[in-house]
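> Dropping in query_23.txt, which is compact mmCIF, C-alpha atoms:
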# COMPACT_ATOMS: atom_id res chain seq x y z
CA THR A 4 0.00 0.00 0.00
CA PHE A 5 1.05 3.59 -0.57
CA ASP A 6 2.63 5.36 2.40
CA PRO A 7 3.02 9.13 1.78
CA PHE A 8 5.73 9.39 4.46
CA THR A 9 8.08 6.72 3.08
CA ASP A 10 7.40 6.88 -0.65
CA LYS A 11 10.39 8.48 -2.43
CA THR A 12 8.62 9.57 -5.61
CA LYS A 13 10.09 12.91 -6.67
CA ILE A 14 7.54 15.67 -7.27
CA THR A 15 8.73 18.48 -9.53
CA TYR A 16 7.32 21.81 -10.69
CA HIS A 17 6.06 21.69 -14.28
CA ASP A 18 5.77 25.46 -14.83
CA GLY A 19 2.03 25.58 -14.24
CA PRO A 20 0.18 28.44 -12.49
CA ILE A 21 0.84 28.85 -8.75
CA LEU A 22 -1.28 30.69 -6.22
CA THR A 23 0.19 34.13 -5.44
CA GLY A 24 -0.75 37.56 -4.13
CA ILE A 25 -4.28 38.22 -2.92
CA VAL A 26 -7.14 35.71 -3.16
CA ASN A 27 -10.47 37.54 -3.29
CA LEU A 28 -13.18 35.06 -2.38
CA HIS A 29 -16.83 35.17 -3.37
CA LEU A 30 -18.54 33.08 -0.68
CA ILE A 31 -21.71 31.46 -1.99
CA TRP A 32 -23.73 29.80 0.78
CA TYR A 33 -26.03 27.26 -0.83
CA GLY A 34 -29.18 26.19 1.00
CA LYS A 35 -29.77 27.20 4.61
CA PRO A 36 -26.44 26.94 6.42
CA GLU A 37 -26.55 27.08 10.21
CA GLU A 38 -25.06 30.13 11.90
CA ILE A 39 -22.38 28.00 13.56
CA GLN A 40 -21.32 26.75 10.10
CA ARG A 41 -20.89 30.33 8.90
CA GLU A 42 -18.89 31.27 12.00
CA VAL A 43 -16.53 28.30 11.71
CA ILE A 44 -15.83 28.92 8.01
CA MET A 45 -15.22 32.64 8.55
CA ASP A 46 -12.92 31.97 11.51
CA PHE A 47 -10.93 29.48 9.44
CA LEU A 48 -10.43 31.92 6.56
CA GLU A 49 -9.40 34.73 8.90
CA THR A 50 -6.97 32.45 10.72
CA LEU A 51 -5.01 31.66 7.55
CA ASN A 52 -3.36 35.07 7.67
CA THR A 53 -3.15 35.42 11.45
CA GLU A 54 0.00 34.45 13.31
CA GLY A 55 -0.94 32.30 16.26
CA ASP A 56 -0.03 32.76 19.90
CA ASN A 57 3.18 30.84 20.63
CA LYS A 58 1.43 29.34 23.64
CA VAL A 59 -1.33 27.88 21.47
CA GLN A 60 0.29 25.63 18.91
CA PRO A 61 0.17 24.16 16.34
CA HIS A 62 -1.60 27.00 14.53
CA ILE A 63 -3.36 26.98 11.16
CA SER A 64 -1.05 29.71 9.85
CA ARG A 65 1.89 27.24 9.91
CA TRP A 66 -0.03 24.95 7.58
CA TRP A 67 -0.79 27.91 5.28
CA ASN A 68 2.91 28.84 5.32
CA VAL A 69 3.61 25.55 3.52
CA VAL A 70 1.07 26.50 0.85
CA GLU A 71 2.83 29.86 0.48
CA SER A 72 6.20 28.12 0.08
CA TYR A 73 5.09 26.72 -3.29
CA GLN A 74 5.81 30.15 -4.75
CA LEU A 75 9.53 29.52 -4.29
CA ALA A 76 9.32 26.68 -6.81
CA MET A 77 8.73 29.15 -9.62
CA LYS A 78 11.60 29.72 -12.03
CA GLY A 79 14.03 32.42 -10.94
CA LYS A 80 12.81 32.40 -7.34
CA PRO A 81 15.55 31.95 -4.70
CA ASN A 82 14.57 29.27 -2.21
CA ILE A 83 17.42 29.12 0.29
CA GLY A 84 17.12 31.33 3.34
CA VAL A 85 14.24 33.25 1.76
CA GLU A 86 10.82 33.72 3.34
CA SER A 87 7.91 32.88 1.09
CA PRO A 88 5.75 35.81 -0.08
CA LYS A 89 2.47 36.00 1.80
CA ILE A 90 -0.78 34.96 0.14
CA LYS A 91 -3.59 37.07 1.54
CA VAL A 92 -7.03 35.48 1.64
CA LYS A 93 -10.04 37.73 2.08
CA VAL A 94 -13.79 37.51 1.60
CA ASP A 95 -14.73 40.20 -0.90
CA LYS A 96 -18.37 39.24 -1.49
CA GLU A 97 -21.05 36.97 0.00
CA ASP A 98 -24.32 35.58 -1.34
CA THR A 99 -26.86 33.06 -0.06
CA ILE A 100 -28.75 30.92 -2.60
CA ASP A 101 -31.82 29.10 -1.28
CA TYR A 102 -31.97 25.71 -3.11
CA ALA A 103 -32.43 27.35 -6.50
CA TYR A 104 -30.75 24.38 -8.21
CA GLY A 105 -32.18 21.60 -6.06
CA LYS A 106 -30.69 19.59 -3.21
CA VAL A 107 -28.46 17.32 -5.30
CA LEU A 108 -25.71 19.19 -7.16
CA THR A 109 -23.11 18.09 -9.70
CA THR A 110 -19.82 19.84 -10.45
CA GLN A 111 -20.25 19.14 -14.16
CA TYR A 112 -23.65 20.81 -14.61
CA ASP A 113 -25.12 22.59 -11.59
CA ILE A 114 -22.02 24.31 -10.21
CA PRO A 115 -21.07 26.08 -13.48
CA ARG A 116 -24.68 27.32 -13.85
CA LEU A 117 -24.79 28.50 -10.26
CA ILE A 118 -21.51 30.39 -10.57
CA LYS A 119 -22.51 31.97 -13.88
CA ASP A 120 -25.81 33.20 -12.43
CA VAL A 121 -24.41 34.44 -9.11
CA ASN A 122 -20.82 35.42 -9.84
CA HIS A 123 -21.47 36.68 -13.39
CA GLY A 124 -17.98 35.63 -14.45
CA ASP A 125 -16.19 38.25 -12.35
CA PRO A 126 -12.50 37.56 -13.10
CA ASN A 127 -11.37 39.16 -9.85
CA LEU A 128 -13.33 36.84 -7.54
CA LEU A 129 -12.81 33.16 -6.78
CA PRO A 130 -16.18 31.47 -6.13
CA LEU A 131 -16.22 29.34 -2.96
CA ILE A 132 -19.48 27.40 -2.71
CA ILE A 133 -20.39 26.00 0.70
CA THR A 134 -23.43 23.73 0.89
CA ALA A 135 -25.82 23.25 3.79
CA LYS A 136 -26.18 19.90 5.59
CA ASP A 137 -29.25 18.86 3.60
CA VAL A 138 -27.56 19.35 0.20
CA SER A 139 -25.73 16.48 -1.49
CA MET A 140 -22.73 17.14 -3.72
CA HIS A 141 -22.21 14.40 -6.29
CA GLY A 142 -18.75 12.87 -6.04
CA LEU A 143 -17.71 14.40 -2.73
CA CYS A 144 -17.91 11.18 -0.73
CA ALA A 145 -15.15 9.42 -2.64
CA GLY A 146 -12.55 10.12 0.04
CA LYS A 147 -12.88 13.90 -0.10
CA CYS A 148 -15.30 16.53 1.13
CA ALA A 149 -14.26 19.37 -1.19
CA ASP A 150 -13.45 19.82 -4.85
CA HIS A 151 -12.08 22.48 -7.16
CA GLY A 152 -11.83 22.96 -10.87
CA ILE A 153 -11.93 25.25 -13.89
CA PHE A 154 -14.72 25.81 -16.38
CA GLU A 155 -15.16 28.22 -19.31
CA ASN A 156 -12.63 31.04 -19.72
CA ASN A 157 -10.33 29.40 -17.14
CA LYS A 158 -12.67 30.42 -14.34
CA GLY A 159 -11.70 28.60 -11.16
CA PHE A 160 -14.02 27.52 -8.36
CA ILE A 161 -14.04 25.65 -5.04
CA VAL A 162 -17.00 23.70 -3.67
CA ILE A 163 -17.29 22.29 -0.14
CA GLY A 164 -19.84 19.73 1.01
CA ASP A 165 -20.85 19.09 4.61
CA PRO A 166 -18.90 16.02 5.82
CA GLU A 167 -20.92 15.68 9.02
CA ILE A 168 -23.96 14.42 7.10
CA GLU A 169 -22.65 13.39 3.67
CA CYS A 170 -19.68 11.23 4.58
CA PRO A 171 -18.59 11.44 8.22
CA GLY A 172 -15.02 10.28 8.67
CA ALA A 173 -14.12 10.34 4.98
CA CYS A 174 -12.32 13.66 5.34
CA GLY A 175 -10.09 12.56 8.21
CA TRP A 176 -6.48 12.05 7.12
CA PRO A 177 -5.54 8.43 7.95
CA PHE A 178 -1.77 8.81 7.86
CA HIS A 179 -0.97 11.00 10.85
CA GLU A 180 -1.67 11.49 14.52
CA VAL A 181 -4.26 13.97 15.76
CA PHE A 182 -5.05 15.64 19.05
CA THR A 183 -8.24 14.99 20.99
CA ASP A 184 -10.25 17.78 22.59
CA ARG A 185 -10.65 16.88 26.26
CA LYS A 186 -14.03 18.61 26.51
CA THR A 187 -15.73 17.35 23.35
CA GLY A 188 -13.77 14.20 22.50
CA GLU A 189 -13.42 15.41 18.91
CA ASN A 190 -10.18 15.16 16.94
CA PHE A 191 -8.26 18.19 15.71
CA SER A 192 -4.82 19.00 14.35
CA ALA A 193 -4.56 22.79 14.59
CA HIS A 194 -5.73 25.81 16.54
CA GLY A 195 -7.46 28.79 14.96
CA ASN A 196 -9.05 32.07 16.00
CA ASN A 197 -11.62 32.43 18.78
CA GLY A 198 -10.66 29.13 20.37
CA ARG A 199 -11.61 27.12 17.29
CA LYS A 200 -9.95 23.79 16.55
CA PHE A 201 -9.63 22.36 13.05
CA LEU A 202 -8.70 19.06 11.40
CA LEU A 203 -6.36 19.83 8.49
CA PRO A 204 -5.15 17.45 5.77
CA ALA A 205 -1.53 16.57 5.07
CA ILE A 206 0.17 18.61 2.37
CA TRP A 207 3.27 18.11 0.24
CA ASN A 208 6.17 20.20 1.54
CA PRO A 209 8.52 21.15 -1.35
CA ALA A 210 11.28 22.16 1.09
CA THR A 211 11.60 18.68 2.56
CA SER A 212 10.07 16.59 -0.26
CA THR A 213 7.80 14.90 2.26
CA CYS A 214 4.11 14.70 2.94
CA TRP A 215 3.95 17.15 5.82
CA THR A 216 1.36 17.43 8.57
CA ILE A 217 1.03 20.20 11.07
CA THR A 218 1.24 17.70 13.93
CA SER A 219 4.42 15.97 12.71
CA ARG A 220 6.81 17.57 15.19
CA TYR A 221 4.45 16.98 18.11
CA PHE A 222 4.23 13.23 17.59
CA SER A 223 7.79 12.56 16.43
CA THR A 224 9.28 12.06 19.89
Mind turning the file's structure into structure tokens?

Amino acid sequence: TFDPFTDKTKITYHDGPILTGIVNLHLIWYGKPEEIQREVIMDFLETLNTEGDNKVQPHISRWWNVVESYQLAMKGKPNIGVESPKIKVKVDKEDTIDYAYGKVLTTQYDIPRLIKDVNHGDPNLLPLIITAKDVSMHGLCAGKCADHGIFENNKGFIVIGDPEIECPGACGWPFHEVFTDRKTGENFSAHGNNGRKFLLPAIWNPATSTCWTITSRYFST
């Protein structure tokens, strides 16, 4: 079986586009999301660009720092002793759509229509669609609870289903240790703003050529 921590397959940069600069999000809440769902999502996005308290670690921003480090893979970028440029994530626009396209959505048909009708093809905004608990996203239970892609005119999008109802447990990363909240018994791997705790996936770290997790250093001894 494949083990992301021992596999020595070399991953190289193939000169494709890399996330840089400022990411202006267009949050599209689909259905009737609960207030707590909105709060958790907003706290997560704000935490990406917030340095955590040294006393409360590991922090989400460290995970995002690895994402930012991909910029150093671009041609002509020095990568030794150089701090990665920051990638600022901000919510520029929000809309709530009340089941206008039904309660079962597909990324091939419904999502492009939804984005075209709501986002109007704005090239400066990245649509992030977040579905309510009673909405099913076709294909999001096959080991993932989110998807992204590109449709006409190279317009990118991100869509997130609700793993609590759709596929509980499918989004947990099976290859690393996690912490357990003593009060709730729930697993988490990173701290965020306002006392939130989040379970983050592993990510490829180009600096070490390993599949990195935010909890690695805490469970290595």
> Just to confirm, what's the straight-line distance from CA of Asp120 (chain A) to CA of Val26 (chain A) in Å (one decimal)?
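Between CA of Asp120 (chain A) and CA of Val26 (chain A) the gap is 21.0 Å.
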> Between A:Asn127, A:Thr134, A:Gln40, A:Ser212, which has the minimum distance to Ile100 (chain A) (counting only C-alpha atoms)?
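Among A:Asn127, A:Thr134, A:Gln40, A:Ser212, it is A:Thr134 that comes nearest to Ile100 (chain A).
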> Quick one: residues within 12 Å of (6.3, 23.8, -12.8) (file frame), counting all atoms listed in the file, please, as an MDAnalysis selection string.
chainID A and resid 14:21 73:79 209
> Rounded to one decimal, what separation in Å do you get between CA of Ala149 (chain A) and CA of Asp165 (chain A)?
8.8 Å
> CA of Asp101 (chain A) and CA of Gly159 (chain A) are how many Å apart?
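Result for CA of Asp101 (chain A) versus CA of Gly159 (chain A): 22.4 Å, one decimal.
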> Pick out the closest residue to Glu71 (chain A) from this set: A:Ile39, A:Val107, A:Leu22, A:Ile206. Count all atoms listed in the file.
A:Leu22
> How big is the axis-aligned box around the listed atoms of region 104-123 of chain A once 4 Å is added on each side, and where is its centre? Give both in Å to one decimal, as AutoDock Vina command-line options.

--center_x -26.0 --center_y 27.0 --center_z -8.9 --size_x 20.4 --size_y 27.4 --size_z 19.4
> Name all residues at most 12 Å from Thr50 (chain A) (count only C-alpha atoms; drop same-chain ones fewer than 4 positions away) and give them as a ChimeraX atom specification.
/A:43-46,54-56,62-68,91-93,193-201
> Pick out the closest residue to Thr99 (chain A) from this set: A:Met140, A:Val69, A:Val121, A:Cys148. Count only C-alpha atoms.
A:Val121
